[in-house]
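Just my_file04.pdb here, PDB, C-alpha atoms and all ligand atoms:
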```
ATOM      1  CA  MET D   1     -18.748  -1.935  -1.459
ATOM      2  CA  CYS D   2     -15.266  -2.557  -0.017
ATOM      3  CA  VAL D   3     -14.637  -5.068   2.766
ATOM      4  CA  PHE D   4     -14.246  -2.397   5.465
ATOM      5  CA  CYS D   5     -17.425  -0.610   4.317
ATOM      6  CA  LYS D   6     -19.149  -3.984   4.731
ATOM      7  CA  ILE D   7     -17.684  -4.324   8.217
ATOM      8  CA  ALA D   8     -18.787  -0.750   9.046
ATOM      9  CA  SER D   9     -22.346  -1.469   7.874
ATOM     10  CA  GLY D  10     -22.458  -4.807   9.705
ATOM     11  CA  GLU D  11     -22.768  -6.848   6.515
ATOM     12  CA  ILE D  12     -19.526  -8.657   7.434
ATOM     13  CA  PRO D  13     -18.940  -9.548  11.101
ATOM     14  CA  SER D  14     -15.959  -8.232  13.027
ATOM     15  CA  TYR D  15     -14.588  -8.302  16.554
ATOM     16  CA  LYS D  16     -15.381  -4.715  17.519
ATOM     17  CA  ILE D  17     -13.547  -2.996  20.328
ATOM     18  CA  TYR D  18     -14.954   0.519  19.793
ATOM     19  CA  GLU D  19     -17.690   2.183  17.778
ATOM     20  CA  ASP D  20     -19.219   5.625  17.479
ATOM     21  CA  ASP D  21     -21.152   7.449  14.742
ATOM     22  CA  ASN D  22     -18.072   8.069  12.609
ATOM     23  CA  PHE D  23     -15.456   5.496  13.540
ATOM     24  CA  LEU D  24     -15.002   1.806  14.179
ATOM     25  CA  ALA D  25     -12.150  -0.179  15.697
ATOM     26  CA  PHE D  26     -11.957  -3.952  15.386
ATOM     27  CA  LEU D  27      -9.422  -6.745  15.679
ATOM     28  CA  ASP D  28      -7.377  -7.419  12.564
ATOM     29  CA  ILE D  29      -8.347 -10.849  11.253
ATOM     30  CA  SER D  30      -4.628 -11.599  10.948
ATOM     31  CA  GLN D  31      -3.278 -10.879  14.445
ATOM     32  CA  ALA D  32       0.313  -9.810  13.769
ATOM     33  CA  THR D  33       0.484  -9.709  17.557
ATOM     34  CA  ILE D  34      -2.191 -10.224  20.193
ATOM     35  CA  GLY D  35      -4.418  -7.153  20.178
ATOM     36  CA  HIS D  36      -3.609  -6.034  16.612
ATOM     37  CA  THR D  37      -6.407  -3.553  15.937
ATOM     38  CA  LEU D  38      -7.641  -1.581  12.946
ATOM     39  CA  VAL D  39      -9.241   1.840  13.281
ATOM     40  CA  ILE D  40     -11.363   3.074  10.374
ATOM     41  CA  PRO D  41     -13.653   5.951   9.488
ATOM     42  CA  LYS D  42     -17.072   4.484   8.665
ATOM     43  CA  LYS D  43     -17.119   6.705   5.594
ATOM     44  CA  HIS D  44     -15.030   5.345   2.746
ATOM     45  CA  TYR D  45     -11.783   7.137   1.957
ATOM     46  CA  ASP D  46      -9.260   5.348  -0.217
ATOM     47  CA  SER D  47      -6.254   6.642   1.674
ATOM     48  CA  ILE D  48      -4.797   9.459   3.767
ATOM     49  CA  PHE D  49      -4.701  11.665   0.669
ATOM     50  CA  ASP D  50      -8.509  11.736   0.649
ATOM     51  CA  LEU D  51      -9.201  12.361   4.344
ATOM     52  CA  GLU D  52     -11.217  15.454   5.167
ATOM     53  CA  GLU D  53     -13.137  16.001   8.381
ATOM     54  CA  GLU D  54     -12.251  12.485   9.517
ATOM     55  CA  THR D  55      -8.833  13.667  10.687
ATOM     56  CA  LYS D  56     -10.129  13.254  14.251
ATOM     57  CA  ILE D  57      -9.302   9.584  13.760
ATOM     58  CA  PHE D  58      -5.758  10.375  14.881
ATOM     59  CA  ASN D  59      -7.028  11.580  18.269
ATOM     60  CA  LEU D  60      -9.111   8.435  18.554
ATOM     61  CA  VAL D  61      -6.066   6.259  17.831
ATOM     62  CA  ILE D  62      -4.308   7.850  20.810
ATOM     63  CA  LEU D  63      -7.266   7.099  23.098
ATOM     64  CA  LEU D  64      -7.648   3.534  21.824
ATOM     65  CA  THR D  65      -3.932   2.835  22.092
ATOM     66  CA  LYS D  66      -4.021   3.880  25.744
ATOM     67  CA  ALA D  67      -7.109   1.692  26.310
ATOM     68  CA  ILE D  68      -5.337  -1.286  24.707
ATOM     69  CA  LYS D  69      -2.251  -0.612  26.831
ATOM     70  CA  LYS D  70      -4.401  -0.835  29.940
ATOM     71  CA  ALA D  71      -6.470  -3.828  28.827
ATOM     72  CA  LEU D  72      -3.526  -5.929  27.655
ATOM     73  CA  ASN D  73      -0.925  -4.578  30.034
ATOM     74  CA  ILE D  74       1.496  -3.648  27.258
ATOM     75  CA  ASP D  75       4.150  -0.933  27.201
ATOM     76  CA  ASN D  76       5.204  -1.127  23.541
ATOM     77  CA  VAL D  77       3.181  -0.478  20.406
ATOM     78  CA  ASN D  78       3.550   0.426  16.748
ATOM     79  CA  ILE D  79       1.055   2.671  14.963
ATOM     80  CA  LEU D  80       1.080   1.923  11.254
ATOM     81  CA  ASN D  81      -0.812   3.317   8.294
ATOM     82  CA  ASN D  82      -0.189   2.114   4.743
ATOM     83  CA  ASN D  83      -1.234   4.269   1.786
ATOM     84  CA  GLY D  84      -0.935   2.979  -1.751
ATOM     85  CA  PRO D  85       0.341  -0.329  -3.079
ATOM     86  CA  LEU D  86       4.019   0.629  -2.820
ATOM     87  CA  ALA D  87       3.434   1.268   0.880
ATOM     88  CA  GLY D  88       1.778  -2.121   1.314
ATOM     89  CA  GLN D  89      -1.870  -1.045   1.437
ATOM     90  CA  SER D  90      -3.999  -4.081   0.628
ATOM     91  CA  VAL D  91      -7.460  -2.803   1.642
ATOM     92  CA  ASN D  92      -8.288   0.481  -0.070
ATOM     93  CA  HIS D  93     -10.324   1.928   2.782
ATOM     94  CA  PHE D  94      -8.212   4.187   4.987
ATOM     95  CA  HIS D  95      -7.229   2.440   8.210
ATOM     96  CA  ILE D  96      -4.700   2.713  11.000
ATOM     97  CA  HIS D  97      -3.070  -0.336  12.569
ATOM     98  CA  ILE D  98      -2.434  -0.480  16.312
ATOM     99  CA  ILE D  99       0.106  -3.253  16.854
ATOM    100  CA  PRO D 100       0.991  -4.090  20.461
ATOM    101  CA  ARG D 101       4.575  -5.277  20.803
ATOM    102  CA  TYR D 102       5.872  -8.088  22.958
ATOM    103  CA  GLU D 103       9.216  -9.653  23.753
ATOM    104  CA  ASN D 104      10.297 -11.907  20.843
ATOM    105  CA  ASP D 105       7.097 -11.312  18.874
ATOM    106  CA  SER D 106       8.831 -11.813  15.494
ATOM    107  CA  VAL D 107       7.499  -8.546  14.069
ATOM    108  CA  ASN D 108      10.244  -6.721  12.262
ATOM    109  CA  PHE D 109      10.045  -3.229  10.801
ATOM    110  CA  SER D 110      13.439  -2.431   9.341
ATOM    111  CA  PHE D 111      14.257   0.772   7.498
ATOM    112  CA  PRO D 112      17.101   1.186   5.038
ATOM    113  CA  LYS D 113      19.696   3.620   6.350
ATOM    114  CA  ASN D 114      20.384   6.016   3.486
ATOM    115  CA  GLU D 115      23.047   8.670   3.814
ATOM    116  CA  LEU D 116      22.433  12.101   2.320
ATOM    117  CA  GLU D 117      24.830  15.014   1.873
ATOM    118  CA  LYS D 118      24.099  18.161   3.905
ATOM    119  CA  GLU D 119      23.281  20.009   0.661
ATOM    120  CA  ALA D 120      20.746  17.373  -0.273
ATOM    121  CA  PHE D 121      19.112  17.614   3.166
ATOM    122  CA  ILE D 122      18.862  21.401   2.795
ATOM    123  CA  ASN D 123      17.358  21.154  -0.681
ATOM    124  CA  LEU D 124      14.936  18.461   0.364
ATOM    125  CA  SER D 125      13.671  20.359   3.409
ATOM    126  CA  LYS D 126      13.223  23.516   1.309
ATOM    127  CA  LYS D 127      11.311  21.585  -1.325
ATOM    128  CA  ILE D 128       8.896  20.113   1.196
ATOM    129  CA  ILE D 129       8.350  23.389   3.076
ATOM    130  CA  VAL D 130       7.526  25.182  -0.213
ATOM    131  CA  SER D 131       5.066  22.516  -1.290
ATOM    132  CA  ILE D 132       3.236  22.637   2.080
ATOM    133  CA  GLU D 133       2.905  26.433   1.875
ATOM    134  CA  LYS D 134       1.456  26.409  -1.643
TER     135      LYS D 134
HETATM  136  P1  LIG Y 201      -3.120  -3.059   4.893
HETATM  137  O1  LIG Y 201      -2.146  -4.069   4.379
HETATM  138  O2  LIG Y 201      -2.491  -1.929   5.636
HETATM  139  O3  LIG Y 201      -4.066  -2.600   3.803
HETATM  140  O4  LIG Y 201      -3.968  -3.830   5.995
HETATM  141  C1  LIG Y 201      -5.172  -4.485   5.740
HETATM  142  C2  LIG Y 201      -5.443  -5.341   6.943
HETATM  143  O5  LIG Y 201      -6.807  -5.704   6.919
HETATM  144  C3  LIG Y 201      -4.636  -6.634   6.993
HETATM  145  O6  LIG Y 201      -3.824  -6.641   8.166
HETATM  146  C4  LIG Y 201      -5.711  -7.727   7.023
HETATM  147  O7  LIG Y 201      -5.381  -8.799   7.868
HETATM  148  C5  LIG Y 201      -6.925  -6.982   7.514
HETATM  149  N1  LIG Y 201      -8.202  -7.512   7.105
HETATM  150  C6  LIG Y 201      -8.609  -7.838   5.857
HETATM  151  N2  LIG Y 201      -9.873  -8.298   5.874
HETATM  152  C7  LIG Y 201     -10.288  -8.254   7.163
HETATM  153  C8  LIG Y 201     -11.500  -8.592   7.840
HETATM  154  N3  LIG Y 201     -12.554  -9.084   7.176
HETATM  155  N4  LIG Y 201     -11.559  -8.434   9.182
HETATM  156  C9  LIG Y 201     -10.513  -7.924   9.850
HETATM  157  N5  LIG Y 201      -9.339  -7.589   9.286
HETATM  158  C10 LIG Y 201      -9.228  -7.755   7.957
HETATM  159 ZN    ZN Y 202     -14.771   1.209   2.139
END
```

What is this structure when it is put down as structure tokens?
Amino acid sequence: MCVFCKIASGEIPSYKIYEDDNFLAFLDISQATIGHTLVIPKKHYDSIFDLEEETKIFNLVILLTKAIKKALNIDNVNILNNNGPLAGQSVNHFHIHIIPRYENDSVNFSFPKNELEKEAFINLSKKIIVSIEK
């Protein structure tokens, strides 16, 4: 059983902030910032590619983020979800991070700025649209 399945079943303790029949939210053991929260389906899915009926988790993240905003009096937050080792996923049980942001909190998400020719943008958008419609 994976570590988050153990948390969901109560075998491993966690600092819960929300629970219902299908979902659980608890404080990340490594608080990137104060209030850093993980939201998981209780059912095990490796990653976003395996999610089925648990897609309601995204609605729950919106509700929980607003609750955290109120409780911690924050106005800035990052929602993060890592899927696969190249994306930095270290626990292979689908989860969404809610990371409140504060002045000078030392968290740094930086994206490379890659330029693409117009033609390449057109081709890329066509490729993705086709694969969604399949
Ligand atoms: P990720 O890198 O997206 O897979 O995130 C996994 C997260 O799970 C990390 O931020 C860890 O700090 C957190 N984590 C791992 N074990 C526990 C645990 N027992 N309780 C709470 N958070 C945990
Ligand atoms: Zn699991």

Looking at D:Ala32, D:Ile48, D:Phe26, D:Thr37, which one is nearest to His93 of chain D, with distances taken over all atoms listed in the file?
->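 Of D:Ala32, D:Ile48, D:Phe26, D:Thr37, the one nearest His93 of chain D is D:Ile48, counting all atoms listed in the file.
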
Go through chain D residue by residue and, counting only C-alpha atoms and all ligand atoms, keep those with an atom at most 9 Å from ligand ZN 202 (chain Y); for each kept residue give the shortest atom pair and its distance in Å to one decimal, ordered by chain and increasing number, as CSV.
```
residue,atom,partner,partner_atom,distance
D:Met1,CA,Y:ZN202,ZN,6.2
D:Cys2,CA,Y:ZN202,ZN,4.4
D:Val3,CA,Y:ZN202,ZN,6.3
D:Phe4,CA,Y:ZN202,ZN,4.9
D:Cys5,CA,Y:ZN202,ZN,3.9
D:Lys6,CA,Y:ZN202,ZN,7.3
D:Ile7,CA,Y:ZN202,ZN,8.7
D:Ala8,CA,Y:ZN202,ZN,8.2
D:Pro41,CA,Y:ZN202,ZN,8.8
D:Lys42,CA,Y:ZN202,ZN,7.7
D:Lys43,CA,Y:ZN202,ZN,6.9
D:His44,CA,Y:ZN202,ZN,4.2
D:Tyr45,CA,Y:ZN202,ZN,6.6
D:Asp46,CA,Y:ZN202,ZN,7.3
D:Val91,CA,Y:ZN202,ZN,8.4
D:Asn92,CA,Y:ZN202,ZN,6.9
D:His93,CA,Y:ZN202,ZN,4.6
D:Phe94,CA,Y:ZN202,ZN,7.7
```

Mind telling me what the PyMOL selection byres (((chain D and resi 67-74) around 10) and not hetatm) catches here, as a CSV table (one decimal) with C-alpha atoms, keeping the file's coordinate frame?
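To be explicit, this is the file written out as out_13.csv:
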```
chain,number,residue,atom,x,y,z
D,17,ILE,CA,-13.5,-3.0,20.3
D,34,ILE,CA,-2.2,-10.2,20.2
D,35,GLY,CA,-4.4,-7.2,20.2
D,36,HIS,CA,-3.6,-6.0,16.6
D,37,THR,CA,-6.4,-3.6,15.9
D,61,VAL,CA,-6.1,6.3,17.8
D,62,ILE,CA,-4.3,7.8,20.8
D,63,LEU,CA,-7.3,7.1,23.1
D,64,LEU,CA,-7.6,3.5,21.8
D,65,THR,CA,-3.9,2.8,22.1
D,66,LYS,CA,-4.0,3.9,25.7
D,75,ASP,CA,4.2,-0.9,27.2
D,76,ASN,CA,5.2,-1.1,23.5
D,77,VAL,CA,3.2,-0.5,20.4
D,98,ILE,CA,-2.4,-0.5,16.3
D,99,ILE,CA,0.1,-3.3,16.9
D,100,PRO,CA,1.0,-4.1,20.5
D,101,ARG,CA,4.6,-5.3,20.8
D,102,TYR,CA,5.9,-8.1,23.0
```

Can I get the residues close to ligand LIG 201 (chain Y) as a list in words, where close means within 6 Å and we count all atoms listed in the file?
->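 Using all atoms listed in the file, I find these residues within 6 Å of ligand LIG 201 (chain Y): Ser14, Asp28, Ile29, Ser30, Asn82, Gly88, Gln89, Ser90 and Val91 of chain D.
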
Find the distance between atom CA of Ala25 of chain D and atom CA of Ile57 of chain D and write it in Å to one decimal.
->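 Those two atoms sit 10.4 Å apart.
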
So what do you get for atom CA of Asp20 of chain D versus atom CA of Gly84 of chain D, distance-wise?
->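 Interatomic distance here is 26.7 Å.
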
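For the pair atom CA of Leu38 of chain D and atom CA of Ile96 of chain D, the interatomic distance is 5.6 Å.
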
Apply the PyMOL selection byres (((chain D and resi 54) around 9) and not hetatm) to the structure shown and report the selected residues as a list in words.
->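 Going through the file, the PyMOL selection byres (((chain D and resi 54) around 9) and not hetatm) ends up selecting Asn22, Phe23, Pro41, Lys43, Leu51, Glu52, Glu53, Thr55, Lys56, Ile57 and Phe58 of chain D.
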
With distances taken over only C-alpha atoms, the candidate from D:Pro13, D:Glu19, D:Asn59, D:Asn83 nearest Ser47 of chain D is D:Asn83

Export segment 77-94 of chain D, N, CA, C and O atoms, as a short mmCIF file (atom, residue, chain, number, x, y, z; two decimals), in the first residue's frame; it's the structure right above.
```cif
data_model
loop_
_atom_site.label_atom_id
_atom_site.label_comp_id
_atom_site.auth_asym_id
_atom_site.auth_seq_id
_atom_site.Cartn_x
_atom_site.Cartn_y
_atom_site.Cartn_z
N VAL D 77 -1.86 32.16 -4.06
CA VAL D 77 -1.75 30.71 -3.90
C VAL D 77 -1.33 30.06 -5.22
O VAL D 77 -1.68 30.56 -6.30
N ASN D 78 -0.56 29.01 -5.13
CA ASN D 78 -0.28 28.18 -6.31
C ASN D 78 -0.97 26.84 -6.15
O ASN D 78 -0.94 26.24 -5.07
N ILE D 79 -1.57 26.36 -7.23
CA ILE D 79 -2.13 25.01 -7.29
C ILE D 79 -1.18 24.21 -8.17
O ILE D 79 -0.90 24.61 -9.31
N LEU D 80 -0.68 23.12 -7.63
CA LEU D 80 0.35 22.36 -8.35
C LEU D 80 0.02 20.87 -8.35
O LEU D 80 -0.45 20.33 -7.34
N ASN D 81 0.25 20.23 -9.46
CA ASN D 81 0.01 18.79 -9.56
C ASN D 81 1.10 18.19 -10.43
O ASN D 81 1.24 18.54 -11.59
N ASN D 82 1.91 17.32 -9.83
CA ASN D 82 3.01 16.69 -10.56
C ASN D 82 2.62 15.29 -10.99
O ASN D 82 2.10 14.52 -10.19
N ASN D 83 2.88 14.97 -12.25
CA ASN D 83 2.55 13.64 -12.78
C ASN D 83 3.76 13.05 -13.49
O ASN D 83 4.18 13.59 -14.51
N GLY D 84 4.29 11.98 -12.93
CA GLY D 84 5.45 11.34 -13.54
C GLY D 84 6.76 11.90 -13.00
O GLY D 84 6.81 13.06 -12.57
N PRO D 85 7.80 11.09 -13.03
CA PRO D 85 9.08 11.49 -12.45
C PRO D 85 9.69 12.74 -13.10
O PRO D 85 10.28 13.57 -12.42
N LEU D 86 9.51 12.89 -14.41
CA LEU D 86 10.08 14.07 -15.07
C LEU D 86 9.39 15.35 -14.60
O LEU D 86 9.96 16.44 -14.69
N ALA D 87 8.16 15.19 -14.12
CA ALA D 87 7.41 16.35 -13.62
C ALA D 87 7.60 16.53 -12.12
O ALA D 87 6.99 17.41 -11.51
N GLY D 88 8.42 15.68 -11.52
CA GLY D 88 8.73 15.84 -10.10
C GLY D 88 7.80 15.11 -9.16
O GLY D 88 7.78 15.39 -7.96
N GLN D 89 7.01 14.15 -9.68
CA GLN D 89 6.13 13.39 -8.79
C GLN D 89 6.95 12.42 -7.96
O GLN D 89 7.67 11.58 -8.51
N SER D 90 6.85 12.52 -6.64
CA SER D 90 7.62 11.62 -5.78
C SER D 90 6.73 10.59 -5.08
O SER D 90 7.20 9.53 -4.70
N VAL D 91 5.45 10.92 -4.90
CA VAL D 91 4.50 9.93 -4.34
C VAL D 91 3.54 9.56 -5.45
O VAL D 91 2.81 10.42 -5.98
N ASN D 92 3.51 8.28 -5.79
CA ASN D 92 2.71 7.85 -6.95
C ASN D 92 1.26 7.54 -6.59
O ASN D 92 0.72 6.47 -6.90
N HIS D 93 0.66 8.48 -5.92
CA HIS D 93 -0.79 8.46 -5.63
C HIS D 93 -1.23 9.88 -5.98
O HIS D 93 -0.76 10.85 -5.35
N PHE D 94 -2.11 9.99 -6.97
CA PHE D 94 -2.49 11.31 -7.47
C PHE D 94 -2.78 12.29 -6.33
O PHE D 94 -3.52 11.95 -5.41
#
```
